[in-house]
file input.cif (mmCIF, C-alpha atoms and all ligand atoms)
data_input
#
loop_
_atom_site.label_atom_id
_atom_site.label_comp_id
_atom_site.auth_asym_id
_atom_site.auth_seq_id
_atom_site.Cartn_x
_atom_site.Cartn_y
_atom_site.Cartn_z
CA MET A 10 0.00 0.00 0.00
CA GLY A 11 1.25 3.45 -0.90
CA THR A 12 3.96 2.18 -3.23
CA MET A 13 1.83 1.21 -6.23
CA SER A 14 1.53 3.51 -9.24
CA ASN A 15 -1.76 4.36 -11.00
CA ALA A 16 -0.83 1.91 -13.74
CA ALA A 17 0.01 -0.89 -11.31
CA VAL A 18 -3.24 -0.46 -9.36
CA ARG A 19 -5.36 -0.42 -12.50
CA THR A 20 -3.67 -3.44 -14.01
CA LEU A 21 -4.08 -5.48 -10.83
CA GLU A 22 -7.71 -4.47 -10.32
CA ASP A 23 -8.67 -5.07 -13.95
CA ARG A 24 -7.01 -8.50 -13.83
CA PHE A 25 -9.39 -9.79 -11.15
CA ALA A 26 -12.59 -7.68 -11.13
CA LEU A 27 -15.55 -8.36 -13.40
CA PRO A 28 -15.33 -5.75 -16.17
CA THR A 29 -18.56 -3.97 -15.21
CA TYR A 30 -17.31 -0.36 -15.07
CA ALA A 31 -15.81 2.10 -17.58
CA LYS A 32 -12.96 3.33 -15.40
CA TRP A 33 -11.37 6.76 -15.04
CA PRO A 34 -7.68 6.92 -15.93
CA ALA A 35 -6.46 7.26 -12.32
CA ALA A 36 -6.59 5.22 -9.10
CA PHE A 37 -7.67 7.28 -6.09
CA VAL A 38 -5.96 6.35 -2.86
CA ARG A 39 -6.47 9.28 -0.46
CA GLY A 40 -8.90 12.14 0.15
CA ARG A 41 -9.47 15.17 2.38
CA GLY A 42 -12.48 17.47 2.09
CA CYS A 43 -13.03 18.07 -1.64
CA ALA A 44 -9.50 16.93 -2.54
CA LEU A 45 -8.46 13.51 -3.84
CA TRP A 46 -5.00 12.15 -4.56
CA ASP A 47 -4.18 9.41 -7.03
CA ALA A 48 -1.59 6.67 -6.64
CA ASP A 49 1.01 8.81 -8.47
CA GLY A 50 0.54 11.60 -5.92
CA ARG A 51 -1.46 13.95 -8.18
CA GLU A 52 -4.16 16.10 -6.53
CA TYR A 53 -7.72 16.43 -7.91
CA LEU A 54 -10.78 18.53 -7.06
CA ASP A 55 -13.64 16.06 -6.48
CA LEU A 56 -16.86 17.56 -7.83
CA TYR A 57 -18.33 14.06 -8.22
CA GLY A 58 -18.46 13.62 -4.43
CA GLY A 59 -17.12 10.06 -4.37
CA HIS A 60 -20.24 8.93 -6.23
CA CYS A 61 -22.69 11.48 -4.87
CA THR A 62 -21.89 9.86 -1.53
CA SER A 63 -19.63 12.35 0.13
CA VAL A 64 -21.62 14.97 2.01
CA LEU A 65 -19.06 15.85 4.71
CA GLY A 66 -16.07 15.66 2.35
CA HIS A 67 -13.47 12.92 2.42
CA ALA A 68 -11.96 11.82 5.75
CA HIS A 69 -13.90 14.33 7.88
CA PRO A 70 -12.23 14.02 11.32
CA ARG A 71 -15.51 13.54 13.25
CA TRP A 72 -16.68 10.83 10.85
CA VAL A 73 -13.28 9.09 11.03
CA ALA A 74 -13.31 9.24 14.84
CA ALA A 75 -16.90 7.97 15.06
CA ILE A 76 -16.20 4.90 12.92
CA SER A 77 -12.84 4.20 14.55
CA GLU A 78 -14.20 4.47 18.09
CA GLN A 79 -17.19 2.29 17.24
CA ALA A 80 -14.97 -0.35 15.60
CA ALA A 81 -12.94 -0.51 18.79
CA ARG A 82 -16.11 -0.83 20.93
CA LEU A 83 -18.49 -3.10 18.94
CA GLY A 84 -18.15 -3.68 15.20
CA PHE A 85 -21.36 -5.62 14.67
CA THR A 86 -24.37 -7.07 16.39
CA SER A 87 -27.60 -8.55 15.05
CA ASN A 88 -30.70 -6.52 14.29
CA VAL A 89 -32.53 -8.73 16.78
CA ALA A 90 -30.44 -7.09 19.50
CA SER A 91 -31.05 -3.42 20.29
CA ASN A 92 -28.02 -1.20 20.07
CA ASP A 93 -27.26 2.21 21.59
CA VAL A 94 -25.76 3.86 18.49
CA ARG A 95 -28.53 2.53 16.22
CA ALA A 96 -31.19 3.91 18.58
CA LEU A 97 -29.54 7.35 18.69
CA PHE A 98 -29.04 7.38 14.91
CA LEU A 99 -32.70 6.50 14.26
CA GLU A 100 -33.90 9.26 16.59
CA ARG A 101 -31.68 11.80 14.86
CA LEU A 102 -32.56 10.61 11.34
CA ILE A 103 -36.29 10.95 11.98
CA ALA A 104 -35.76 14.42 13.48
CA PHE A 105 -33.81 15.43 10.34
CA SER A 106 -36.52 14.09 7.98
CA PRO A 107 -39.74 15.88 6.92
CA ASP A 108 -42.38 16.11 9.67
CA HIS A 109 -44.66 13.41 8.25
CA ILE A 110 -41.85 10.82 8.44
CA ALA A 111 -41.90 8.83 11.69
CA ARG A 112 -40.23 5.44 11.10
CA ALA A 113 -37.20 4.00 9.31
CA PHE A 114 -36.00 0.63 8.05
CA LEU A 115 -32.20 0.53 7.78
CA CYS A 116 -30.57 -1.45 4.99
CA ASN A 117 -27.49 -1.41 2.77
CA SER A 118 -27.91 0.03 -0.72
CA GLY A 119 -30.18 2.20 -2.81
CA ALA A 120 -31.48 -0.79 -4.75
CA GLU A 121 -32.36 -2.65 -1.55
CA ALA A 122 -34.13 0.41 -0.15
CA ASN A 123 -36.22 0.81 -3.30
CA GLU A 124 -37.20 -2.87 -3.37
CA THR A 125 -38.14 -2.65 0.30
CA ALA A 126 -40.27 0.45 -0.32
CA VAL A 127 -42.16 -1.27 -3.16
CA LYS A 128 -42.74 -4.36 -1.02
CA LEU A 129 -44.10 -2.17 1.79
CA ALA A 130 -46.44 -0.34 -0.60
CA MET A 131 -47.80 -3.66 -1.87
CA GLN A 132 -48.31 -4.87 1.68
CA VAL A 133 -50.11 -1.70 2.80
CA THR A 134 -52.40 -1.41 -0.22
CA GLY A 135 -52.94 -5.11 -0.93
CA ARG A 136 -52.26 -4.25 -4.60
CA ASP A 137 -49.55 -5.47 -7.00
CA GLY A 138 -49.10 -2.78 -9.64
CA VAL A 139 -46.23 -0.30 -9.73
CA VAL A 140 -45.71 2.71 -11.98
CA ALA A 141 -42.25 4.21 -12.46
CA MET A 142 -41.06 6.98 -14.78
CA THR A 143 -39.42 7.23 -18.18
CA GLY A 144 -35.75 8.06 -17.63
CA GLY A 145 -35.84 6.80 -14.04
CA PHE A 146 -32.92 4.97 -12.41
CA HIS A 147 -33.51 2.95 -9.25
CA GLY A 148 -30.76 0.31 -9.20
CA ARG A 149 -29.71 -2.88 -10.95
CA THR A 150 -30.76 -5.84 -8.80
CA ALA A 151 -33.77 -7.75 -10.13
CA GLY A 152 -36.50 -5.81 -8.32
CA ALA A 153 -34.87 -2.41 -8.74
CA LEU A 154 -34.10 -3.11 -12.39
CA SER A 155 -37.82 -3.60 -12.96
CA LEU A 156 -38.32 0.00 -11.81
CA THR A 157 -35.46 1.38 -13.93
CA HIS A 158 -36.49 2.58 -17.36
CA LEU A 159 -33.41 4.66 -18.16
CA GLY A 160 -31.32 3.66 -21.17
CA HIS A 161 -30.22 0.13 -21.78
CA TYR A 162 -30.20 -1.26 -18.24
CA ARG A 163 -33.28 -3.48 -18.44
CA GLU A 164 -33.20 -4.38 -22.14
CA ARG A 165 -30.77 -7.26 -21.92
CA PHE A 166 -32.58 -8.94 -19.03
CA PRO A 167 -36.20 -9.47 -20.11
CA ALA A 168 -36.53 -12.55 -17.94
CA VAL A 169 -35.45 -10.63 -14.82
CA VAL A 170 -37.72 -7.61 -14.94
CA ARG A 171 -41.33 -7.48 -13.77
CA PRO A 172 -43.79 -5.53 -15.91
CA VAL A 173 -43.63 -2.01 -14.48
CA ALA A 174 -45.19 0.75 -16.57
CA ALA A 175 -43.33 4.02 -17.10
CA ALA A 176 -45.17 7.33 -16.92
CA PRO A 177 -43.70 10.38 -18.66
CA PHE A 178 -41.67 12.29 -16.02
CA GLY A 179 -43.15 15.68 -15.18
CA ASP A 180 -46.55 14.94 -16.80
CA LEU A 181 -49.47 14.39 -14.42
CA ASP A 182 -52.00 13.59 -17.16
CA GLY A 183 -49.70 10.88 -18.50
CA LEU A 184 -49.36 9.45 -15.00
CA GLY A 185 -53.12 9.59 -14.40
CA GLU A 186 -53.70 7.40 -17.46
CA LEU A 187 -51.57 4.62 -15.97
CA LEU A 188 -53.12 4.54 -12.50
CA ASP A 189 -55.78 1.93 -11.88
CA ASP A 190 -57.31 0.16 -8.89
CA ASP A 191 -54.35 -2.24 -8.71
CA THR A 192 -51.65 0.45 -8.52
CA ALA A 193 -49.86 0.03 -5.20
CA ALA A 194 -47.13 2.61 -5.76
CA VAL A 195 -45.68 5.27 -7.99
CA ILE A 196 -41.92 5.60 -7.70
CA LEU A 197 -39.81 8.46 -8.99
CA GLU A 198 -36.55 10.29 -8.46
CA PRO A 199 -37.68 13.84 -7.68
CA ILE A 200 -34.73 14.98 -9.78
CA GLN A 201 -33.74 12.44 -12.43
CA SER A 202 -30.00 12.56 -11.96
CA MET A 203 -28.61 9.94 -14.34
CA ALA A 204 -31.08 11.00 -17.04
CA GLY A 205 -29.38 14.41 -17.02
CA VAL A 206 -30.49 16.19 -13.82
CA ARG A 207 -34.07 16.61 -15.03
CA VAL A 208 -36.27 18.69 -12.70
CA ALA A 209 -40.06 19.00 -12.96
CA ARG A 210 -42.12 22.12 -12.22
CA ASP A 211 -42.40 23.05 -8.53
CA ASP A 212 -46.15 22.32 -8.43
CA TYR A 213 -45.72 18.84 -9.97
CA TYR A 214 -44.54 17.17 -6.77
CA PRO A 215 -47.37 17.98 -4.32
CA ALA A 216 -49.93 17.51 -7.12
CA LEU A 217 -48.48 14.06 -7.89
CA VAL A 218 -48.89 13.03 -4.25
CA ASP A 219 -52.52 14.26 -4.27
CA LEU A 220 -53.27 12.44 -7.52
CA CYS A 221 -51.85 9.17 -6.21
CA HIS A 222 -53.54 9.42 -2.83
CA ALA A 223 -56.90 10.05 -4.50
CA ASN A 224 -56.35 6.67 -6.23
CA GLY A 225 -55.34 4.88 -3.02
CA THR A 226 -51.78 4.64 -4.36
CA LEU A 227 -48.66 5.27 -2.25
CA VAL A 228 -45.84 7.51 -3.47
CA ILE A 229 -42.19 6.54 -3.22
CA PHE A 230 -39.58 9.25 -3.67
CA ASP A 231 -36.23 7.68 -4.51
CA GLU A 232 -34.06 10.20 -2.68
CA VAL A 233 -30.86 8.20 -3.01
CA GLN A 234 -29.27 11.25 -4.66
CA THR A 235 -31.66 14.07 -3.72
CA GLY A 236 -31.72 13.35 0.02
CA MET A 237 -29.42 14.12 2.94
CA GLY A 238 -29.31 17.85 2.41
CA ARG A 239 -27.97 17.84 -1.13
CA LEU A 240 -30.81 19.98 -2.52
CA GLY A 241 -30.46 22.58 0.22
CA ALA A 242 -33.30 20.91 2.15
CA SER A 243 -33.26 17.66 4.10
CA PHE A 244 -35.07 15.80 1.31
CA ALA A 245 -36.87 16.74 -1.92
CA ALA A 246 -40.13 15.90 -0.11
CA GLU A 247 -39.33 18.79 2.25
CA LEU A 248 -38.15 21.17 -0.49
CA TRP A 249 -41.34 20.72 -2.52
CA ARG A 250 -43.68 20.15 0.45
CA ALA A 251 -44.76 16.85 -1.10
CA PRO A 252 -45.61 14.29 1.59
CA ALA A 253 -44.52 11.11 -0.22
CA ASP A 254 -45.35 8.01 1.84
CA LEU A 255 -41.93 6.42 1.46
CA LEU A 256 -38.54 8.09 0.95
CA THR A 257 -35.50 6.00 0.14
CA SER A 258 -32.05 7.22 1.08
CA ALA A 259 -28.53 5.84 0.58
CA LYS A 260 -25.32 7.41 -0.83
CA GLY A 261 -24.86 10.42 1.51
CA LEU A 262 -26.53 8.73 4.48
CA GLY A 263 -23.21 7.28 5.71
CA ASN A 264 -20.95 9.74 3.85
CA GLY A 265 -19.81 6.76 1.77
CA PHE A 266 -20.03 4.14 4.51
CA PRO A 267 -22.46 1.68 2.85
CA MET A 268 -25.91 2.19 4.30
CA ALA A 269 -29.44 2.96 3.18
CA ALA A 270 -32.85 3.63 4.68
CA VAL A 271 -36.54 3.53 3.88
CA LEU A 272 -38.23 6.40 5.68
CA THR A 273 -41.98 6.25 6.13
CA THR A 274 -45.05 7.29 8.03
CA GLU A 275 -46.68 5.90 11.16
CA GLU A 276 -49.63 4.79 8.95
CA VAL A 277 -47.41 2.62 6.76
CA ALA A 278 -45.52 1.29 9.79
CA ALA A 279 -48.81 0.16 11.34
CA HIS A 280 -49.09 -2.57 8.67
CA VAL A 281 -45.71 -4.15 9.40
CA ARG A 282 -45.41 -7.26 11.55
CA VAL A 283 -42.42 -9.14 12.94
CA GLY A 284 -40.86 -11.33 10.25
CA ASP A 285 -42.24 -9.35 7.28
CA HIS A 286 -38.82 -8.07 6.31
CA GLY A 287 -35.20 -8.02 7.42
CA THR A 288 -31.55 -7.75 6.48
CA THR A 289 -28.36 -8.79 8.24
CA PHE A 290 -26.14 -5.76 7.95
CA GLY A 291 -28.66 -2.88 7.82
CA GLY A 292 -28.12 -0.39 10.64
CA GLY A 293 -25.16 -2.24 12.08
CA PRO A 294 -23.23 -0.31 14.74
CA LEU A 295 -20.51 0.91 12.35
CA ALA A 296 -23.04 2.14 9.80
CA ALA A 297 -25.10 3.77 12.54
CA ALA A 298 -21.99 5.50 13.95
CA ALA A 299 -21.16 6.80 10.47
CA GLY A 300 -24.73 8.03 9.95
CA LEU A 301 -24.90 9.67 13.36
CA ALA A 302 -21.64 11.52 12.65
CA VAL A 303 -23.06 12.69 9.31
CA LEU A 304 -26.16 14.18 10.94
CA GLU A 305 -24.18 15.78 13.78
CA VAL A 306 -21.65 17.39 11.45
CA MET A 307 -24.33 18.53 8.99
CA ALA A 308 -26.09 20.36 11.85
CA ALA A 309 -22.88 21.72 13.43
CA GLU A 310 -21.52 23.03 10.11
CA GLY A 311 -24.86 24.17 8.64
CA LEU A 312 -24.27 22.06 5.53
CA VAL A 313 -27.88 21.98 4.32
CA GLU A 314 -28.04 25.77 4.16
CA HIS A 315 -24.54 25.85 2.70
CA ALA A 316 -25.63 23.47 -0.11
CA ALA A 317 -28.42 25.90 -1.02
CA THR A 318 -26.01 28.85 -1.06
CA MET A 319 -23.38 27.05 -3.14
CA GLY A 320 -26.07 25.91 -5.58
CA SER A 321 -26.99 29.57 -6.17
CA VAL A 322 -23.32 30.46 -6.66
CA ALA A 323 -23.01 27.65 -9.23
CA HIS A 324 -26.08 28.84 -11.15
CA ARG A 325 -24.68 32.39 -11.15
CA THR A 326 -21.07 31.68 -12.07
CA LEU A 327 -20.80 28.53 -14.18
CA VAL A 328 -22.55 29.55 -17.40
CA ARG A 329 -19.38 30.28 -19.36
CA GLY A 330 -17.12 28.77 -21.99
CA PRO A 331 -18.57 25.41 -23.06
CA VAL A 332 -21.42 25.64 -20.50
CA THR A 333 -24.66 27.11 -21.83
CA GLY A 334 -26.92 26.56 -18.83
CA VAL A 335 -27.13 25.14 -15.30
CA ARG A 336 -29.96 22.94 -14.04
CA GLY A 337 -30.69 21.24 -10.73
CA ARG A 338 -31.15 22.34 -7.12
CA GLY A 339 -28.61 22.86 -4.36
CA LEU A 340 -25.56 20.72 -5.10
CA LEU A 341 -27.16 18.24 -7.51
CA LEU A 342 -26.30 20.11 -10.68
CA GLY A 343 -26.30 19.53 -14.41
CA LEU A 344 -24.15 21.74 -16.61
CA GLU A 345 -25.61 21.95 -20.11
CA THR A 346 -22.68 21.74 -22.51
CA ALA A 347 -22.27 22.76 -26.14
CA PRO A 348 -19.62 20.10 -26.83
CA PRO A 349 -20.29 16.50 -25.80
CA ALA A 350 -20.24 16.34 -21.99
CA ALA A 351 -17.98 13.27 -22.06
CA GLU A 352 -15.34 15.26 -23.96
CA LEU A 353 -15.54 18.10 -21.46
CA ALA A 354 -15.36 15.65 -18.52
CA ARG A 355 -12.14 14.22 -20.02
CA GLU A 356 -10.62 17.68 -20.46
CA LEU A 357 -11.50 18.67 -16.90
CA PHE A 358 -10.11 15.39 -15.56
CA ALA A 359 -6.84 16.10 -17.37
CA ARG A 360 -6.81 19.44 -15.50
CA GLY A 361 -7.37 17.64 -12.18
CA ILE A 362 -11.14 18.20 -11.81
CA VAL A 363 -13.45 15.19 -11.39
CA THR A 364 -17.00 15.53 -12.75
CA GLY A 365 -19.58 13.04 -14.03
CA THR A 366 -21.49 12.47 -17.23
CA SER A 367 -25.13 11.40 -17.56
CA SER A 368 -27.24 9.62 -20.15
CA ASP A 369 -27.88 13.03 -21.74
CA PRO A 370 -24.83 13.54 -23.97
CA HIS A 371 -24.89 17.28 -23.31
CA VAL A 372 -25.22 17.31 -19.53
CA LEU A 373 -22.23 17.16 -17.20
CA ARG A 374 -23.11 16.30 -13.60
CA LEU A 375 -21.72 17.93 -10.46
CA MET A 376 -22.46 16.30 -7.09
CA PRO A 377 -19.69 17.73 -4.91
CA PRO A 378 -19.28 17.21 -1.17
CA LEU A 379 -21.62 19.65 0.60
CA VAL A 380 -18.57 21.36 2.12
CA VAL A 381 -17.51 22.65 -1.31
CA GLY A 382 -16.66 26.36 -1.21
CA GLU A 383 -16.66 29.34 -3.56
CA ALA A 384 -12.92 28.90 -4.19
CA GLU A 385 -13.48 25.39 -5.57
CA LEU A 386 -16.34 26.53 -7.81
CA GLU A 387 -14.11 29.38 -9.02
CA HIS A 388 -11.40 26.85 -9.80
CA LEU A 389 -13.92 25.02 -12.00
CA ALA A 390 -14.99 28.30 -13.63
CA THR A 391 -11.37 29.11 -14.52
CA ALA A 392 -10.88 25.64 -15.98
CA LEU A 393 -14.04 26.04 -18.08
CA ASP A 394 -12.61 29.30 -19.49
CA GLU A 395 -9.30 27.56 -20.23
CA VAL A 396 -10.98 24.61 -21.95
CA ASP A 397 -12.92 27.09 -24.07
CA GLY A 398 -9.75 28.98 -24.99
CA GLY A 399 -8.16 25.69 -26.10
N1 LIG A 401 -31.53 5.24 -7.01
C1 LIG A 401 -30.82 6.26 -7.53
C2 LIG A 401 -31.49 7.56 -7.81
C3 LIG A 401 -29.45 6.09 -7.78
O1 LIG A 401 -28.75 7.09 -8.28
C4 LIG A 401 -28.86 4.84 -7.48
C5 LIG A 401 -27.43 4.60 -7.73
O2 LIG A 401 -26.74 5.33 -8.40
C6 LIG A 401 -29.65 3.82 -6.95
C7 LIG A 401 -30.99 4.05 -6.73
C8 LIG A 401 -29.07 2.47 -6.64
O3 LIG A 401 -28.30 2.58 -5.50
P1 LIG A 401 -27.22 1.43 -5.16
O4 LIG A 401 -26.17 1.51 -6.23
O5 LIG A 401 -26.71 1.83 -3.80
O6 LIG A 401 -27.95 0.15 -5.15
#
call {"tool": "encode", "arguments": {"input": "input.cif", "output": "structure tokens", "more": "lines below"}}
Ligand code: PLP
result
Amino acid sequence: MGTMSNAAVRTLEDRFALPTYAKWPAAFVRGRGCALWDADGREYLDLYGGHCTSVLGHAHPRWVAAISEQAARLGFTSNVASNDVRALFLERLIAFSPDHIARAFLCNSGAEANETAVKLAMQVTGRDGVVAMTGGFHGRTAGALSLTHLGHYRERFPAVVRPVAAAPFGDLDGLGELLDDDTAAVILEPIQSMAGVRVARDDYYPALVDLCHANGTLVIFDEVQTGMGRLGASFAAELWRAPADLLTSAKGLGNGFPMAAVLTTEEVAAHVRVGDHGTTFGGGPLAAAAGLAVLEVMAAEGLVEHAATMGSVAHRTLVRGPVTGVRGRGLLLGLETAPPAAELARELFARGIVTGTSSDPHVLRLMPPLVVGEAELEHLATALDEVDGG
């Protein structure tokens, strides 16, 4: 460790891992705040936020201490045993969430959270149908893949996916046509991130909840990317005052420590009985310690408000050079690009700035740690000018 070059790390990893990812041309081995270092010692500005996971920034001292101290005390215990850190984390998570949210189920990944939410909706309503959205991404395991209509993900696995209809995102009439008396749930990402940071009109979200409730259908907001303060509000459900019955959270929940949650109401929780659902690792003491540290630091450092402020700065300052527009809320941002976004991402990477692409060839995604400052956004702005000047 510490003596391998970028090339050596990549060769070794590629030799043994399944070739499922198109990899960046560097191996990251260290981070601090919004900075990353590769195996050759080169520094980068991380505007991709790990993978939209880093809310506190890399290696935040309170997060490091929380995990380290917990590992030294109790690394794991079963969900059938109560645990002090889990109890404190749950209390804090519910307090952070929108007012209508009263209960949580802790699990391990975004896909697992979404599958759990769908299962709960079916149980509560006694119905089987689910409607998702065109352009939606909800994960790649069998159940979550059935909900994912973006791009090519489901096409090659017809035998895996259940029939889940896709309503046009942002269009209530189109959704209304797909609802019937067997629709248990409608699931959507409030902002479709992978589809190119697509945002609907402000009045769409509460109206969608009303439409679904009038049909006896529950609403699931997949807040895997939009949650945990990234939009400048705790969750999109809070930002748009849209009381979705189930919110799923992952990515930022543990600041990159793998964990996820389904957040729901007391009414939904009333249908759940012992043995209906479970998972081994969900809400283990290490994950709970990571999550508790995230919520404590976010409050102490005012990161939710800071995300809103930095989002405004980005909208104001980043339309320049190859960037023709900025979309998104808070720090879930899409830069609309004149050249192909993948080309721009490569040029920025060569200048030491990490960004992400999307399935829209002209949208570059920024999902920086919520601690990102004006200086870092200025650094990006300067690089955009340079790229434009050749
Ligand atoms: N939902 C959304 C909106 C996502 O962006 C992702 C992952 O990128 C998922 C679900 C799946 O999460 P995971 O990869 O943790 O299963």
call {"tool": "residues_near_ligand", "arguments": {"input": "input.cif", "ligand": "ligand LIG 401 (chain A)", "cutoff": "10 Å", "atoms": "all atoms listed in the file", "output": "ChimeraX atom specification"}}
result
/A:60-62,117-124,145-150,153-154,156-157,197-204,230-236,257-260,267-269
call {"tool": "residues_around", "arguments": {"input": "input.cif", "residues": "Asp190 of chain A", "least_positions_apart": "4", "cutoff": "10 Å", "atoms": "all atoms listed in the file", "output": "list of chain:residue names"}}
result
A:Arg136, A:Asp137, A:Gly138, A:Asn224, A:Gly225, A:Thr226
call {"tool": "atom_distance", "arguments": {"input": "input.cif", "atom1": "atom CA of His315 of chain A", "atom2": "atom CA of Thr346 of chain A"}}
result
25.6 Å
call {"tool": "residues_around", "arguments": {"input": "input.cif", "residues": "Leu184 of chain A", "least_positions_apart": "3", "cutoff": "9 Å", "atoms": "only C-alpha atoms", "output": "list in words"}}
result
Val140, Met142, Ala175, Ala176, Pro177, Phe178, Gly179, Asp180, Leu181, Leu187, Leu188, Val195, Leu217 and Leu220 of chain A
call {"tool": "atom_distance", "arguments": {"input": "input.cif", "atom1": "atom CA of Thr364 of chain A", "atom2": "atom CA of Val73 of chain A"}}
result
24.9 Å
call {"tool": "closest_residue", "arguments": {"input": "input.cif", "among": "A:Glu395, A:Asp189, A:Glu164, A:Glu352", "to": "Arg329 of chain A", "atoms": "only C-alpha atoms"}}
result
A:Glu395
call {"tool": "closest_residue", "arguments": {"input": "input.cif", "among": "A:Thr125, A:Ser368, A:Ala297, A:His388", "to": "Asp93 of chain A", "atoms": "only C-alpha atoms"}}
result
A:Ala297
call {"tool": "atom_distance", "arguments": {"input": "input.cif", "atom1": "atom CA of Thr326 of chain A", "atom2": "atom CA of Leu342 of chain A"}}
result
12.8 Å
call {"tool": "residues_near_point", "arguments": {"input": "input.cif", "point": "(-16.1, 10.4, 9.9)", "cutoff": "12 Å", "atoms": "all atoms listed in the file", "output": "tab-separated table (two decimals) with C-alpha atoms, keeping the file's coordinate frame"}}
result
chain	number	residue	atom	x	y	z
A	41	ARG	CA	-9.47	15.17	2.38
A	42	GLY	CA	-12.48	17.47	2.09
A	63	SER	CA	-19.63	12.35	0.13
A	64	VAL	CA	-21.62	14.97	2.01
A	65	LEU	CA	-19.06	15.85	4.71
A	66	GLY	CA	-16.07	15.66	2.35
A	67	HIS	CA	-13.47	12.92	2.42
A	68	ALA	CA	-11.96	11.82	5.75
A	69	HIS	CA	-13.90	14.33	7.88
A	70	PRO	CA	-12.23	14.02	11.32
A	71	ARG	CA	-15.51	13.54	13.25
A	72	TRP	CA	-16.68	10.83	10.85
A	73	VAL	CA	-13.28	9.09	11.03
A	74	ALA	CA	-13.31	9.24	14.84
A	75	ALA	CA	-16.90	7.97	15.06
A	76	ILE	CA	-16.20	4.90	12.92
A	77	SER	CA	-12.84	4.20	14.55
A	78	GLU	CA	-14.20	4.47	18.09
A	79	GLN	CA	-17.19	2.29	17.24
A	262	LEU	CA	-26.53	8.73	4.48
A	263	GLY	CA	-23.21	7.28	5.71
A	264	ASN	CA	-20.95	9.74	3.85
A	265	GLY	CA	-19.81	6.76	1.77
A	266	PHE	CA	-20.03	4.14	4.51
A	295	LEU	CA	-20.51	0.91	12.35
A	296	ALA	CA	-23.04	2.14	9.80
A	297	ALA	CA	-25.10	3.77	12.54
A	298	ALA	CA	-21.99	5.50	13.95
A	299	ALA	CA	-21.16	6.80	10.47
A	300	GLY	CA	-24.73	8.03	9.95
A	301	LEU	CA	-24.90	9.67	13.36
A	302	ALA	CA	-21.64	11.52	12.65
A	303	VAL	CA	-23.06	12.69	9.31
A	304	LEU	CA	-26.16	14.18	10.94
A	305	GLU	CA	-24.18	15.78	13.78
A	306	VAL	CA	-21.65	17.39	11.45
A	307	MET	CA	-24.33	18.53	8.99
call {"tool": "axis_aligned_box", "arguments": {"input": "input.cif", "around": "segment 75-94 of chain A", "padding_each_side": "8 Å", "output": "lines of an AutoDock Vina configuration file"}}
result
center_x = -22.7
center_y = -0.4
center_z = 17.3
size_x = 35.7
size_y = 32.7
size_z = 24.7
call {"tool": "residues_around", "arguments": {"input": "input.cif", "residues": "Ala31 of chain A", "least_positions_apart": "6", "cutoff": "12 Å", "atoms": "only C-alpha atoms", "output": "VMD selection string"}}
result
chain A and resid 19 23 366
call {"tool": "closest_atom_pairs", "arguments": {"input": "input.cif", "of": "segment 188-275 of chain A", "to": "segment 109-113 of chain A", "cutoff": "6 Å", "atoms": "all atoms listed in the file", "output": "CSV"}}
result
residue,atom,partner,partner_atom,distance
A:Val271,CA,A:Ala113,CA,5.5
A:Leu272,CA,A:Ala113,CA,4.5
A:Thr273,CA,A:Ile110,CA,5.1
A:Thr274,CA,A:Ile110,CA,4.8
A:Glu275,CA,A:Ala111,CA,5.6
call {"tool": "residues_around", "arguments": {"input": "input.cif", "residues": "Gly238 of chain A", "least_positions_apart": "3", "cutoff": "9 Å", "atoms": "all atoms listed in the file", "output": "PyMOL selection string"}}
result
chain A and resi 64+235+241-245+261+307+312-314+316-317+339-340+379
call {"tool": "closest_residue", "arguments": {"input": "input.cif", "among": "A:Leu97, A:Pro331, A:Ala308, A:Ile362", "to": "Met237 of chain A", "atoms": "only C-alpha atoms"}}
result
A:Ala308
call {"tool": "closest_residue", "arguments": {"input": "input.cif", "among": "A:Ala354, A:Ala194, A:Ala16, A:Met376", "to": "Asp55 of chain A", "atoms": "only C-alpha atoms"}}
result
A:Met376
